Every structure is written in structure tokens, then in C-alpha cells.
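Coordinates from start-v1.tsv are shown below (TSV, C-alpha atoms).
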chain	number	residue	atom	x	y	z
A	203	MET	CA	104.63	125.67	88.32
A	204	THR	CA	103.58	122.34	87.02
A	205	VAL	CA	101.09	119.50	86.76
A	206	HIS	CA	102.44	116.14	87.94
A	207	ASN	CA	99.75	113.66	87.00
A	208	LEU	CA	96.05	113.06	86.44
A	209	TYR	CA	93.78	110.12	87.35
A	210	ILE	CA	90.20	109.52	86.27
A	211	PHE	CA	88.16	106.98	88.26
A	212	ASP	CA	84.64	105.75	87.63
A	213	ARG	CA	82.03	105.26	90.33
A	214	ASN	CA	83.11	101.67	91.01
A	215	GLY	CA	86.74	102.54	91.65
A	216	ASN	CA	88.16	101.44	88.31
A	217	CYS	CA	90.88	103.71	87.03
A	218	LEU	CA	89.77	104.76	83.56
A	219	TYR	CA	92.70	106.97	82.70
A	220	TYR	CA	96.09	107.92	84.06
A	221	ASN	CA	98.81	110.12	82.65
A	222	GLU	CA	101.85	111.81	84.08
A	223	TRP	CA	103.77	114.82	82.94
A	224	ASN	CA	106.29	115.70	85.60
A	225	ARG	CA	106.44	112.91	88.11
A	226	LYS	CA	109.70	112.73	90.04
A	227	LYS	CA	108.97	109.87	92.39
A	228	GLN	CA	107.10	106.63	91.77
A	229	ALA	CA	105.05	105.15	94.59
A	230	GLY	CA	107.11	101.99	94.87
A	231	ILE	CA	104.15	99.73	94.12
A	232	SER	CA	102.67	98.51	90.84
A	233	LYS	CA	100.33	100.78	88.90
A	234	GLU	CA	97.20	98.72	89.69
A	235	GLU	CA	97.99	98.85	93.39
A	236	GLU	CA	98.66	102.56	93.19
A	237	PHE	CA	95.28	103.18	91.54
A	238	LYS	CA	93.53	101.11	94.20
A	239	LEU	CA	95.40	102.93	96.97
A	240	MET	CA	94.58	106.32	95.48
A	241	TYR	CA	90.91	105.46	95.11
A	242	GLY	CA	90.80	104.00	98.61
A	243	MET	CA	92.45	107.08	100.05
A	244	LEU	CA	89.95	109.38	98.32
A	245	PHE	CA	86.99	107.27	99.39
A	246	SER	CA	88.23	107.37	103.00
A	247	ILE	CA	88.87	111.11	102.84
A	248	ARG	CA	85.32	111.72	101.61
A	249	SER	CA	83.85	109.61	104.38
A	250	PHE	CA	86.14	111.28	106.94
A	251	VAL	CA	85.17	114.75	105.78
A	252	SER	CA	81.44	114.06	105.83
A	253	LYS	CA	81.65	112.86	109.43
A	254	MET	CA	84.04	115.54	110.69
A	255	SER	CA	82.35	118.47	109.07
A	256	PRO	CA	80.78	120.87	111.57
A	257	LEU	CA	78.24	122.11	109.00
A	258	ASP	CA	76.35	120.59	106.09
A	259	MET	CA	78.53	120.56	103.00
A	260	LYS	CA	77.57	121.28	99.41
A	261	GLU	CA	80.63	120.26	97.46
A	262	GLY	CA	82.58	118.35	100.10
A	263	PHE	CA	86.26	117.57	99.81
A	264	LEU	CA	88.06	119.91	97.39
A	265	SER	CA	91.82	119.46	97.75
A	266	PHE	CA	94.66	118.67	100.11
A	267	GLN	CA	98.26	119.73	100.21
A	268	THR	CA	101.48	118.39	101.65
A	269	SER	CA	104.87	120.09	101.84
A	270	LYS	CA	105.61	119.30	98.19
A	271	TYR	CA	102.40	118.85	96.18
A	272	ARG	CA	98.72	119.54	96.08
A	273	LEU	CA	95.99	117.10	95.12
A	274	HIS	CA	92.87	118.55	93.50
A	275	TYR	CA	89.65	116.58	93.42
A	276	TYR	CA	86.50	116.94	91.38
A	277	GLU	CA	83.59	114.53	91.41
A	278	THR	CA	80.70	114.64	88.98
A	279	PRO	CA	77.15	113.76	90.08
A	280	SER	CA	77.51	110.49	88.16
A	281	GLY	CA	80.36	109.40	90.41
A	282	LEU	CA	83.19	110.09	88.01
A	283	LYS	CA	86.27	111.28	89.89
A	284	PHE	CA	88.97	113.54	88.48
A	285	VAL	CA	92.17	113.76	90.51
A	286	MET	CA	95.08	116.00	89.62
A	287	ASN	CA	98.39	116.43	91.45
A	288	THR	CA	100.11	119.75	90.94
A	289	ASP	CA	102.80	121.67	92.73
A	290	LEU	CA	101.95	124.06	95.55
A	291	SER	CA	101.60	127.21	93.46
A	292	VAL	CA	98.31	126.04	91.94
A	293	THR	CA	95.57	126.99	94.38
A	294	ASN	CA	92.39	126.15	92.51
A	295	ALA	CA	92.21	123.61	89.74
A	296	ARG	CA	88.51	122.88	90.11
A	297	ASP	CA	87.60	124.82	86.99
A	298	THR	CA	90.32	123.00	85.08
A	299	LEU	CA	88.98	119.62	86.16
A	300	GLN	CA	85.44	120.67	85.36
A	301	HIS	CA	86.60	121.75	81.93
A	302	ILE	CA	88.30	118.40	81.40
A	303	TYR	CA	85.03	116.69	82.27
A	304	SER	CA	82.62	118.78	80.22
A	305	ASN	CA	84.75	119.68	77.22
A	306	LEU	CA	86.99	116.65	76.87
A	307	TYR	CA	85.44	113.64	78.60
A	308	VAL	CA	81.84	114.32	77.55
A	309	GLU	CA	82.81	115.38	74.04
A	310	TYR	CA	85.30	112.65	73.17
A	311	ILE	CA	84.27	109.71	75.34
A	312	VAL	CA	80.60	109.93	76.19
A	313	LYS	CA	79.61	111.06	72.73
A	314	ASN	CA	81.80	108.44	71.11
A	315	PRO	CA	79.66	105.41	70.15
A	316	VAL	CA	82.70	103.15	70.13
A	317	CYS	CA	83.82	103.95	73.67
A	318	VAL	CA	82.22	101.72	76.29
A	319	LEU	CA	81.68	103.62	79.52
A	320	GLY	CA	83.22	101.85	82.46
A	321	HIS	CA	86.20	100.52	80.57
A	322	SER	CA	89.53	102.29	80.33
A	323	LEU	CA	89.45	105.22	78.01
A	324	ASP	CA	91.38	104.25	74.91
A	325	SER	CA	90.37	107.07	72.65
A	326	GLU	CA	93.50	108.55	71.07
A	327	LEU	CA	91.71	111.77	70.33
A	328	PHE	CA	90.83	112.16	74.00
A	329	SER	CA	94.43	111.49	75.09
A	330	SER	CA	95.95	113.90	72.64
A	331	ARG	CA	93.43	116.66	73.33
A	332	LEU	CA	93.87	116.21	77.07
A	333	ASP	CA	97.65	116.30	76.75
A	334	ALA	CA	97.47	119.46	74.64
A	335	PHE	CA	95.07	121.05	77.13
A	336	ILE	CA	97.31	120.29	80.12
A	337	ARG	CA	100.39	121.60	78.35
A	338	ALA	CA	98.51	124.76	77.45
A	339	LEU	CA	97.53	125.50	81.04
A	340	PRO	CA	98.99	128.77	82.35
A	341	TYR	CA	100.51	126.98	85.29
A	342	TYR	CA	102.15	124.18	83.35
A	343	SER	CA	105.82	124.42	82.51
A	344	PRO	CA	108.04	121.45	81.65
A	345	ARG	CA	110.60	121.09	84.40
A	346	ALA	CA	114.27	121.10	83.58
A	347	ALA	CA	115.42	117.52	84.18
B	134	MET	CA	82.52	125.88	124.22
B	135	THR	CA	79.91	127.87	122.35
B	136	VAL	CA	76.88	126.08	120.87
B	137	LEU	CA	74.88	127.72	118.11
B	138	SER	CA	71.14	127.18	117.96
B	139	ALA	CA	69.07	127.25	114.79
B	140	GLY	CA	68.79	130.71	113.34
B	141	GLN	CA	72.08	132.05	114.65
B	142	ASP	CA	74.35	133.28	111.90
B	143	ALA	CA	77.63	131.38	111.71
B	144	THR	CA	78.88	132.98	108.52
B	145	ALA	CA	79.83	136.41	109.83
B	146	LYS	CA	82.37	135.22	112.37
B	147	MET	CA	85.45	133.27	111.36
B	148	VAL	CA	86.02	130.54	113.89
B	149	ILE	CA	88.19	127.68	114.88
B	150	PHE	CA	85.96	124.63	115.24
B	151	SER	CA	88.07	122.09	117.07
B	152	VAL	CA	91.53	120.83	118.01
B	153	TYR	CA	92.72	117.21	118.01
B	154	VAL	CA	96.06	115.84	119.21
B	155	VAL	CA	97.12	112.41	117.90
B	156	ASN	CA	100.03	110.39	119.22
B	157	LYS	CA	102.71	108.43	117.33
B	158	ALA	CA	100.57	105.31	117.08
B	159	GLY	CA	97.54	107.15	115.71
B	160	GLY	CA	95.57	107.24	118.97
B	161	LEU	CA	93.67	110.36	119.96
B	162	ILE	CA	95.15	111.85	123.13
B	163	TYR	CA	93.35	115.16	123.28
B	164	GLN	CA	90.27	116.68	121.75
B	165	TYR	CA	88.62	120.07	122.25
B	166	ASP	CA	85.54	121.47	120.49
B	167	ASN	CA	85.74	125.23	120.48
B	168	TYR	CA	82.70	126.05	118.36
B	169	VAL	CA	79.92	123.61	117.60
B	170	PRO	CA	77.44	125.02	115.05
B	171	ARG	CA	74.70	122.46	115.50
B	172	ALA	CA	72.04	123.72	113.13
B	173	GLU	CA	68.89	121.89	114.17
B	174	ALA	CA	65.31	121.96	112.91
B	175	GLU	CA	62.27	120.97	114.92
B	176	LYS	CA	59.06	120.34	113.01
B	177	THR	CA	55.66	118.93	113.75
B	178	PHE	CA	54.64	116.16	111.37
B	179	SER	CA	51.37	114.48	110.61
B	180	TYR	CA	50.88	110.94	109.36
B	181	PRO	CA	52.31	109.76	107.00
B	182	LEU	CA	55.85	111.07	107.40
B	183	ASP	CA	57.15	112.49	104.13
B	184	LEU	CA	60.79	111.78	104.92
B	185	VAL	CA	62.40	108.36	104.54
B	186	LEU	CA	64.37	107.35	107.62
B	187	LYS	CA	66.82	104.51	108.05
B	188	HIS	CA	69.12	103.01	110.65
B	189	HIS	CA	72.74	104.03	110.29
B	190	ASP	CA	75.50	103.52	112.85
B	191	GLU	CA	73.13	103.07	115.83
B	192	LYS	CA	71.22	106.24	114.91
B	193	VAL	CA	68.15	107.02	112.85
B	194	VAL	CA	69.03	109.25	109.90
B	195	VAL	CA	67.20	110.83	106.98
B	196	SER	CA	67.94	108.85	103.84
B	197	PHE	CA	65.56	110.65	101.47
B	198	GLY	CA	63.60	113.87	101.70
B	199	GLN	CA	64.69	117.41	102.30
B	200	ARG	CA	62.57	120.29	103.59
B	201	ASP	CA	62.72	123.29	105.86
B	202	GLY	CA	66.33	122.90	106.94
B	203	ILE	CA	66.17	119.12	107.27
B	204	ARG	CA	68.78	117.55	104.99
B	205	VAL	CA	69.77	114.04	103.99
B	206	GLY	CA	72.13	112.68	106.60
B	207	HIS	CA	70.56	114.53	109.51
B	208	ALA	CA	69.82	112.38	112.52
B	209	VAL	CA	66.72	112.25	114.72
B	210	LEU	CA	67.74	114.10	117.87
B	211	SER	CA	64.52	114.25	119.88
B	212	ILE	CA	60.86	113.26	119.61
B	213	ASN	CA	58.22	115.45	121.25
B	214	GLY	CA	60.94	117.31	123.11
B	215	VAL	CA	62.50	114.20	124.67
B	216	ASP	CA	66.02	113.28	123.46
B	217	VAL	CA	66.29	109.91	121.78
B	218	ILE	CA	68.81	107.27	122.81
B	219	GLY	CA	70.39	105.72	119.73
B	220	LYS	CA	67.75	103.88	117.72
B	221	ASN	CA	65.12	104.03	120.46
B	222	THR	CA	63.05	106.73	122.09
B	223	ALA	CA	63.70	107.59	125.72
B	224	ASP	CA	61.00	105.00	126.68
B	225	GLY	CA	62.89	102.26	124.82
B	226	LYS	CA	60.56	101.99	121.82
B	227	ASP	CA	62.12	101.58	118.37
B	228	ILE	CA	61.84	104.92	116.57
B	229	LEU	CA	60.96	103.56	113.13
B	230	GLU	CA	58.18	101.40	114.60
B	231	TYR	CA	56.92	104.35	116.62
B	232	LEU	CA	56.73	106.54	113.52
B	233	LYS	CA	54.93	103.88	111.47
B	234	ASP	CA	52.02	103.95	113.93
B	235	ALA	CA	49.46	106.58	112.90
B	236	SER	CA	48.10	106.91	116.46
B	237	ASN	CA	51.35	108.54	117.59
B	238	TYR	CA	50.83	111.53	115.31
B	239	PRO	CA	50.99	114.55	115.26
B	240	VAL	CA	54.58	114.23	116.45
B	241	SER	CA	57.27	116.85	116.84
B	242	ILE	CA	60.71	115.65	115.73
B	243	ARG	CA	64.00	117.52	115.96
B	244	PHE	CA	66.55	116.79	113.24
B	245	GLY	CA	70.17	117.90	113.03
B	246	ARG	CA	73.70	116.85	112.29
B	247	ALA	CA	74.57	114.03	114.65
B	248	ARG	CA	77.14	114.86	117.30
B	249	LEU	CA	80.26	112.72	117.17
B	250	SER	CA	80.61	110.31	120.07
B	251	SER	CA	84.05	109.89	121.69
B	252	ASN	CA	84.43	106.53	119.99
B	253	GLU	CA	83.76	108.06	116.60
B	254	LYS	CA	86.30	110.79	117.27
B	255	LEU	CA	88.89	108.16	118.16
B	256	MET	CA	88.18	106.31	114.93
B	257	LEU	CA	88.34	109.47	112.85
B	258	ALA	CA	91.66	110.47	114.41
B	259	SER	CA	93.16	107.07	113.56
B	260	MET	CA	91.70	107.30	110.07
B	261	PHE	CA	93.38	110.64	109.55
B	262	HIS	CA	96.67	109.26	110.89
B	263	SER	CA	96.61	106.65	108.11
B	264	LEU	CA	95.49	109.08	105.42
B	265	PHE	CA	98.35	111.37	106.41
B	266	ALA	CA	100.83	108.56	105.73
B	267	ILE	CA	99.22	107.55	102.43
B	268	GLY	CA	99.37	111.17	101.26
B	269	SER	CA	103.11	111.01	101.67
B	270	GLN	CA	103.43	107.61	99.97
B	271	LEU	CA	101.48	108.61	96.86
B	272	SER	CA	103.47	111.78	96.40
B	273	PRO	CA	104.72	112.48	92.86
B	274	GLU	CA	107.55	114.53	94.37
B	275	VAL	CA	110.48	113.36	96.41
B	276	GLY	CA	110.59	114.12	100.13
B	277	SER	CA	106.98	115.03	100.67
B	278	SER	CA	105.44	115.25	104.13
B	279	GLY	CA	101.98	113.90	104.88
B	280	ILE	CA	98.75	115.87	104.47
B	281	GLU	CA	99.33	119.30	105.99
B	282	MET	CA	96.14	120.97	104.92
B	283	LEU	CA	92.85	119.50	103.72
B	284	GLU	CA	90.27	121.80	102.23
B	285	THR	CA	86.52	121.45	101.84
B	286	ASP	CA	83.89	124.07	101.14
B	287	VAL	CA	82.93	124.57	104.81
B	288	PHE	CA	86.13	123.92	106.74
B	289	LYS	CA	89.89	123.61	106.43
B	290	LEU	CA	91.81	121.02	108.38
B	291	HIS	CA	95.42	121.92	109.25
B	292	CYS	CA	97.87	119.35	110.55
B	293	PHE	CA	101.32	119.81	112.02
B	294	GLN	CA	103.47	116.75	112.71
B	295	THR	CA	106.30	117.23	115.17
B	296	LEU	CA	109.67	115.49	114.94
B	297	THR	CA	108.48	113.03	117.60
B	298	GLY	CA	105.43	111.98	115.57
B	299	ILE	CA	102.74	113.88	117.50
B	300	LYS	CA	100.14	115.45	115.22
B	301	PHE	CA	98.29	118.62	116.09
B	302	ILE	CA	95.12	118.96	114.03
B	303	VAL	CA	93.00	122.10	113.86
B	304	LEU	CA	89.65	122.42	112.06
B	305	ALA	CA	88.87	126.01	111.17
B	306	ASP	CA	86.84	128.24	108.88
B	307	PRO	CA	88.38	128.24	105.36
B	308	ARG	CA	89.02	131.97	105.52
B	309	GLN	CA	90.77	131.89	108.89
B	310	SER	CA	94.41	132.92	108.67
B	311	GLY	CA	97.30	132.38	111.08
B	312	ILE	CA	96.63	128.71	111.74
B	313	ASP	CA	100.27	127.73	111.14
B	314	ALA	CA	101.32	130.05	113.95
B	315	LEU	CA	98.51	128.62	116.08
B	316	LEU	CA	99.73	125.05	115.49
B	317	ARG	CA	103.25	126.01	116.59
B	318	LYS	CA	101.75	127.76	119.64
B	319	ILE	CA	99.77	124.64	120.56
B	320	TYR	CA	103.00	122.63	120.31
B	321	GLU	CA	104.61	125.10	122.68
B	322	ILE	CA	101.69	124.80	125.11
B	323	TYR	CA	101.90	120.99	124.84
B	324	SER	CA	105.61	120.98	125.72
B	325	ASP	CA	105.13	123.47	128.55
B	326	PHE	CA	102.04	122.09	130.26
B	327	ALA	CA	101.88	118.43	129.28
B	328	LEU	CA	105.45	117.28	128.76
B	329	LYS	CA	106.87	119.18	131.72
B	330	ASN	CA	104.09	117.87	133.94
B	331	PRO	CA	105.72	115.11	136.05
B	332	PHE	CA	102.40	113.23	136.29
B	333	TYR	CA	101.88	113.06	132.55
B	334	SER	CA	103.01	109.93	130.67
B	335	LEU	CA	104.02	110.24	127.04
B	336	GLU	CA	101.55	109.15	124.35
B	337	MET	CA	98.74	108.96	126.94
B	338	PRO	CA	95.57	111.09	126.98
B	339	ILE	CA	96.33	114.62	128.13
B	340	ARG	CA	94.49	115.51	131.33
B	341	CYS	CA	96.28	118.66	132.43
B	342	GLU	CA	94.20	121.65	133.50
B	343	LEU	CA	96.85	124.21	132.58
B	344	PHE	CA	97.06	122.72	129.09
B	345	ASP	CA	93.28	123.19	128.66
B	346	GLN	CA	93.33	126.76	129.95
B	347	ASN	CA	96.26	127.88	127.86
B	348	LEU	CA	94.88	126.16	124.77
B	349	LYS	CA	91.55	127.98	125.16
B	350	SER	CA	93.24	131.36	125.46
B	351	ALA	CA	95.52	130.64	122.48
B	352	LEU	CA	92.43	129.81	120.40
B	353	GLU	CA	90.73	133.04	121.45
B	354	VAL	CA	93.81	135.05	120.48
B	355	ALA	CA	94.05	133.29	117.12
B	356	GLU	CA	90.37	133.84	116.34
B	357	LYS	CA	90.58	137.53	117.16
B	358	ALA	CA	93.77	137.95	115.13
B	359	GLY	CA	92.22	136.09	112.20
B	360	ASN	CA	89.07	138.23	112.27
B	361	PHE	CA	91.07	141.44	112.54
B	362	GLY	CA	93.26	140.48	109.60
B	363	ALA	CA	90.31	139.71	107.35
B	364	GLY	CA	88.38	142.84	108.19
B	365	SER	CA	91.09	145.36	107.40

As C-alpha cells, please, write out the structure in this file.
Amino acid sequence: MTVHNLYIFDRNGNCLYYNEWNRKKQAGISKEEEFKLMYGMLFSIRSFVSKMSPLDMKEGFLSFQTSKYRLHYYETPSGLKFVMNTDLSVTNARDTLQHIYSNLYVEYIVKNPVCVLGHSLDSELFSSRLDAFIRALPYYSPRAA
Amino acid sequence: MTVLSAGQDATAKMVIFSVYVVNKAGGLIYQYDNYVPRAEAEKTFSYPLDLVLKHHDEKVVVSFGQRDGIRVGHAVLSINGVDVIGKNTADGKDILEYLKDASNYPVSIRFGRARLSSNEKLMLASMFHSLFAIGSQLSPEVGSSGIEMLETDVFKLHCFQTLTGIKFIVLADPRQSGIDALLRKIYEIYSDFALKNPFYSLEMPIRCELFDQNLKSALEVAEKAGNFGAGS
């Protein structure tokens, strides 16, 4: 049971934060390209889902899974996107992502007068608190190498 | 195909909404809508209209304003009982111009989620084909497949890719169980009634009556089994 990585995007598609804990395979492209591809994929999935949906949706796209991992998605009304890849045993990480937004992002970034919104998050306090929070999750366990 | 009208309750029954089959190249070769819950709202309006409408994709949609079952994103389906054609009324008048004229009021307009045209379905199938591949490329784990299941709050999309690259996609209620077995069953029906049909060419649109019939009955069986499982 583990968390692989976490991305935070702003409403314009800039990747504000990225961290990985248990990533086994790199994408084979540079990090900037990977962020753009990830954002593009999520933007396309949201557009796809809104067209395909047989009924009106309230929250929209929640997550997807492949044979090896699951991607969880949470978007705030201000367009901030939280994306977390975990293994298949984690079924619902929405509350986790919401917690990261309201208790970590809002507390340590938004309320920080030095942090400029829209630029990458370089608050050490935010990084360390986020890291501690992820490691403390009940479904996180460091994989044996 | 069952069509729901406004007022009918879609929440009690768990259903399978539709089935798509995509070939190796990403082209849609088969599509079937099993259950189309088109919730529509018809209201009589007086001048001025309190909803903001705009042109979007050759249709007129609500861009601002929400009341009585009419939501943002709903399209204008008919005016005064007559179905509209794209951006114009049945008489050929531009809808936005028509609704700006106070002499045309009171007017009865029906709003609802726009039905997907065949072209749009083709585009969406190709879009999913690409997204499936990107899901595999961005994987943090080695040896991942593409997107096998995509979840939203109103539907779940299941995808099964065969060894030959054909994708079977099923859109169902999020609580519906047994879709994996259904996907395998659809693959079986495809190999029995499409592949073994001497008049069917590979990767081409599937136009085999037996395939349609067997698919419909497989969907009925799966829906009943899913409902039974959830109730007990």
C-alpha cells in the first residue's frame, strides 16, 4: 500500500509542486514535459467526461485506474488541481487531497505573505509538513527496494 | 434503447449506459446506447430571458443562469414544440436573434443535455484511445496497462483492451458490478459474430445483426445480475 507521487497544478497549467515517494518508473521525458503531459491529459479527461456523461455531474472526474496504479484527482473551485498516484489498494483519496488543500496549502502557502500565488511553492514548511502527512497516511508504507 | 423523460427516476435502477468498440488505430467501429437518461425541462419564458445563451459547437447552450432543472451547459432542444436545427430554428432563423426580439414572446423553450452526434462520438472514442496510451506512459510503476477504469460521480467507464488492440468500452452506473465479466462476454460475442462473419473486414465498422442481438441480451443479463447482487 503506497503513495507514488503528488502533483499540484494551478488554473493555468503551471506545475506548482511535485514530489515522489515510491516511484519505480520514470516517464522517459524531462520533468517539464511530464508536467505538461499530465496537465494536458487531465484537461482532456475533464472535457471528455463532461461530453460523455449521460447525466449532469456535480463533481466530475474523480479518479482512474490502470493495472498497476490509480490516479486520484481533486480540483478546487479556484482551479487548483491536486493529483496523486497511489497503488490499487487505495480506493478513495479525495478526503486526503481535500485535507492537503485546506490544512496544508491554505495554511502554509495562501496565508504566507512571502509566497506568491502562481509561482512554484518553495515554502520549506509546506514541503516538510506535506511529506510528514503523506508518510503518516494509513495506506503509506515505504516499499522494500 | 430506453429513453427517460423528465420526472422519471433514474436513481433506483442500476444501468449500463452505453458500449463503444474502438479499433487498433483509435477509430470507433461500434457504438450502442442502451439507456439514455435525457433529463429535459420545458418552460415558458417572457421577455427578457433571464438565462444567458451562447453559441457552442454549432448548438445554442446556456452559459449563465440556472433554474427549474435548467443547468449551465444544457442546450436548446426545441422552441414552441418544434425541434431546433443546430443554431437555427426549424424555419432557419438564428435562435439568439429570435430570442432578442420581444414580439416573439411568450416562448416555450425545451432545454436538456445535448445528444452526442455520430461525429462527436467518433472524436470522443479517438480521444479516449489517446488518453488510454498516455495513462500507461505516465505510470509511476513498471508494466502498467492503459486506463482500465475511469470514475466520475455519475458514471464509471470500464475499458478492456484485447491482445490485438481492440478496446471494448462500457459506461455504467458507478454501483454496477460484474462489468469485467461483461467486457469479456462482449469480446466473446465479437469473436463469434463479427470475426467469424465472412463478410466482416477487420478494423471496419461492425454491421452484423447477430452481434447486435447478442450484445443486447448480454447487457440485459448483466444489468439484472448487477441489480440482484446489490439488492441482496

Residues of chain A near chain B: apply a cut-off of 7 Å, count all atoms listed in the file, and supply the list as an mmCIF file with C-alpha atoms, in the frame of the given file.
data_model
loop_
_atom_site.group_PDB
_atom_site.id
_atom_site.type_symbol
_atom_site.label_atom_id
_atom_site.label_comp_id
_atom_site.auth_asym_id
_atom_site.auth_seq_id
_atom_site.Cartn_x
_atom_site.Cartn_y
_atom_site.Cartn_z
ATOM 1 C CA HIS A 206 102.440 116.140 87.940
ATOM 2 C CA ARG A 225 106.440 112.910 88.110
ATOM 3 C CA LYS A 226 109.700 112.730 90.040
ATOM 4 C CA LYS A 227 108.970 109.870 92.390
ATOM 5 C CA GLN A 228 107.100 106.630 91.770
ATOM 6 C CA ALA A 229 105.050 105.150 94.590
ATOM 7 C CA MET A 243 92.450 107.080 100.050
ATOM 8 C CA PHE A 250 86.140 111.280 106.940
ATOM 9 C CA PRO A 256 80.780 120.870 111.570
ATOM 10 C CA LEU A 257 78.240 122.110 109.000
ATOM 11 C CA MET A 259 78.530 120.560 103.000
ATOM 12 C CA GLU A 261 80.630 120.260 97.460
ATOM 13 C CA GLY A 262 82.580 118.350 100.100
ATOM 14 C CA PHE A 263 86.260 117.570 99.810
ATOM 15 C CA LEU A 264 88.060 119.910 97.390
ATOM 16 C CA SER A 265 91.820 119.460 97.750
ATOM 17 C CA PHE A 266 94.660 118.670 100.110
ATOM 18 C CA GLN A 267 98.260 119.730 100.210
ATOM 19 C CA THR A 268 101.480 118.390 101.650
ATOM 20 C CA SER A 269 104.870 120.090 101.840
ATOM 21 C CA LYS A 270 105.610 119.300 98.190
ATOM 22 C CA TYR A 271 102.400 118.850 96.180
#

Residue neighbourhood Tyr165 in chain B, 10 Å, all atoms listed in the file, exclusion window fewer than 6 positions, as a CSV table (one decimal) with C-alpha atoms, in the coordinates of the input:
chain,number,residue,atom,x,y,z
B,134,MET,CA,82.5,125.9,124.2
B,150,PHE,CA,86.0,124.6,115.2
B,151,SER,CA,88.1,122.1,117.1
B,152,VAL,CA,91.5,120.8,118.0
B,153,TYR,CA,92.7,117.2,118.0
B,154,VAL,CA,96.1,115.8,119.2
B,303,VAL,CA,93.0,122.1,113.9
B,345,ASP,CA,93.3,123.2,128.7
B,348,LEU,CA,94.9,126.2,124.8
B,349,LYS,CA,91.6,128.0,125.2

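Here the question is which of A:Thr298, A:Ser249, A:Thr288, A:Ser232 gets nearest to Phe335 in chain A using only C-alpha atoms, and that residue is A:Thr298.
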
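A straight line drawn from CA of Ile228 in chain B to CA of Ile203 in chain B is 17.5 Å long.
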
Practice item. Tell me, in Å to one decimal, how far CA of Ala266 in chain B is from CA of Gly159 in chain B. Key: 10.6 Å

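For the pair CA of His301 in chain A and CA of Ile247 in chain A, the interatomic distance is 23.6 Å.
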
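For the residues B:Ala235, B:Leu316, B:Ile242, B:Val155, ranking by smallest atom-to-atom distance to Ala208 in chain B using all atoms listed in the file places B:Ile242 first.
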
**Study point:** Contact residues around range 279-283 of chain A with all atoms listed in the file at 7 Å, ignoring same-chain residues under 5 positions, as a list in words
**Key:** Ile210, Phe211, Asp212 and Arg213 of chain A

Padding 6 Å on each side, edges along x, y and z: where is the centre of the box around the listed atoms of range 244-256 of chain B, and how long are its edges in Å to one decimal? Output it as JSON.
{"center_x": 77.7, "center_y": 112.1, "center_z": 117.0, "size_x": 34.3, "size_y": 23.6, "size_z": 21.4}

Exercise for review: Can you work out which one of A:Arg272, A:Ser343, A:Leu332, A:Ala338 has the shortest atom-to-atom distance to Leu290 in chain A, counting only C-alpha atoms?
Suggested key: A:Arg272

Point to revise | Residue nearest Met337 in chain B - candidates B:Val354, B:Leu161, B:Val148, B:Ile312, atoms counted: all atoms listed in the file | key: B:Leu161

Point to revise | Spatial neighbours of Asn216 in chain A, 12 Å, all atoms listed in the file, chain gap at least 3 places, as a VMD selection string | key: chain A and resid 209 to 213 219 to 220 234 to 242 281 to 283 319 to 323

Practice item. Compile the contact shell of range 229-234 of chain B as JSON, numbers by chain: residues with an atom at most 9 Å away, counting only C-alpha atoms, same-chain residues fewer than 4 positions apart removed. Key: {"B": [180, 181, 182, 186, 187, 188, 193, 220, 221, 222, 238, 240]}

Residue selection dump (C-alpha atoms) as a PDB file, in the coordinates of the input:
ATOM      1  CA  TYR B 180      50.880 110.940 109.360  1.00  0.00           C
ATOM      2  CA  PRO B 181      52.310 109.760 107.000  1.00  0.00           C
ATOM      3  CA  LEU B 182      55.850 111.070 107.400  1.00  0.00           C
ATOM      4  CA  LEU B 186      64.370 107.350 107.620  1.00  0.00           C
ATOM      5  CA  LYS B 187      66.820 104.510 108.050  1.00  0.00           C
ATOM      6  CA  HIS B 188      69.120 103.010 110.650  1.00  0.00           C
ATOM      7  CA  VAL B 193      68.150 107.020 112.850  1.00  0.00           C
ATOM      8  CA  LYS B 220      67.750 103.880 117.720  1.00  0.00           C
ATOM      9  CA  ASN B 221      65.120 104.030 120.460  1.00  0.00           C
ATOM     10  CA  THR B 222      63.050 106.730 122.090  1.00  0.00           C
ATOM     11  CA  TYR B 238      50.830 111.530 115.310  1.00  0.00           C
ATOM     12  CA  VAL B 240      54.580 114.230 116.450  1.00  0.00           C
TER      13      VAL B 240
END

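Proximity ranking of B:Lys329, B:Arg340, B:Arg308, B:Arg317 relative to Ile149 in chain B places B:Arg308 first, based on only C-alpha atoms.
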
Contacts of Leu343 in chain B at 10 Å or less, counting only C-alpha atoms, minus same-chain residues fewer than 3 places along, as a PDB file with C-alpha atoms, keeping the file's coordinate frame?
ATOM      1  CA  ILE B 322     101.690 124.800 125.110  1.00  0.00           C
ATOM      2  CA  TYR B 323     101.900 120.990 124.840  1.00  0.00           C
ATOM      3  CA  ASP B 325     105.130 123.470 128.550  1.00  0.00           C
ATOM      4  CA  PHE B 326     102.040 122.090 130.260  1.00  0.00           C
ATOM      5  CA  ALA B 327     101.880 118.430 129.280  1.00  0.00           C
ATOM      6  CA  ASN B 330     104.090 117.870 133.940  1.00  0.00           C
ATOM      7  CA  ARG B 340      94.490 115.510 131.330  1.00  0.00           C
ATOM      8  CA  GLN B 346      93.330 126.760 129.950  1.00  0.00           C
ATOM      9  CA  ASN B 347      96.260 127.880 127.860  1.00  0.00           C
ATOM     10  CA  LEU B 348      94.880 126.160 124.770  1.00  0.00           C
ATOM     11  CA  LYS B 349      91.550 127.980 125.160  1.00  0.00           C
TER      12      LYS B 349
END

Some atoms are missing, so please complete range 293-300 of chain B with N, CA, C and O atoms and return it as a tab-separated table (two decimals), in the coordinates of the input.
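Contents of rebuild.tsv, freshly written:
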chain	number	residue	atom	x	y	z
B	293	PHE	N	99.89	119.59	111.84
B	293	PHE	CA	101.32	119.81	112.02
B	293	PHE	C	101.88	118.58	112.71
B	293	PHE	O	101.44	118.23	113.80
B	294	GLN	N	102.86	117.92	112.08
B	294	GLN	CA	103.47	116.75	112.71
B	294	GLN	C	104.82	117.15	113.27
B	294	GLN	O	105.67	117.68	112.55
B	295	THR	N	105.03	116.88	114.54
B	295	THR	CA	106.30	117.23	115.17
B	295	THR	C	107.35	116.17	114.83
B	295	THR	O	107.03	115.13	114.27
B	296	LEU	N	108.59	116.43	115.22
B	296	LEU	CA	109.67	115.49	114.94
B	296	LEU	C	109.49	114.20	115.72
B	296	LEU	O	110.04	113.17	115.36
B	297	THR	N	108.69	114.24	116.80
B	297	THR	CA	108.48	113.03	117.60
B	297	THR	C	107.24	112.26	117.16
B	297	THR	O	106.86	111.28	117.78
B	298	GLY	N	106.57	112.73	116.11
B	298	GLY	CA	105.43	111.98	115.57
B	298	GLY	C	104.08	112.39	116.12
B	298	GLY	O	103.06	111.79	115.77
B	299	ILE	N	104.03	113.40	116.99
B	299	ILE	CA	102.74	113.88	117.50
B	299	ILE	C	102.11	114.77	116.44
B	299	ILE	O	102.79	115.60	115.84
B	300	LYS	N	100.79	114.59	116.20
B	300	LYS	CA	100.14	115.45	115.22
B	300	LYS	C	99.16	116.37	115.92
B	300	LYS	O	98.33	115.91	116.72
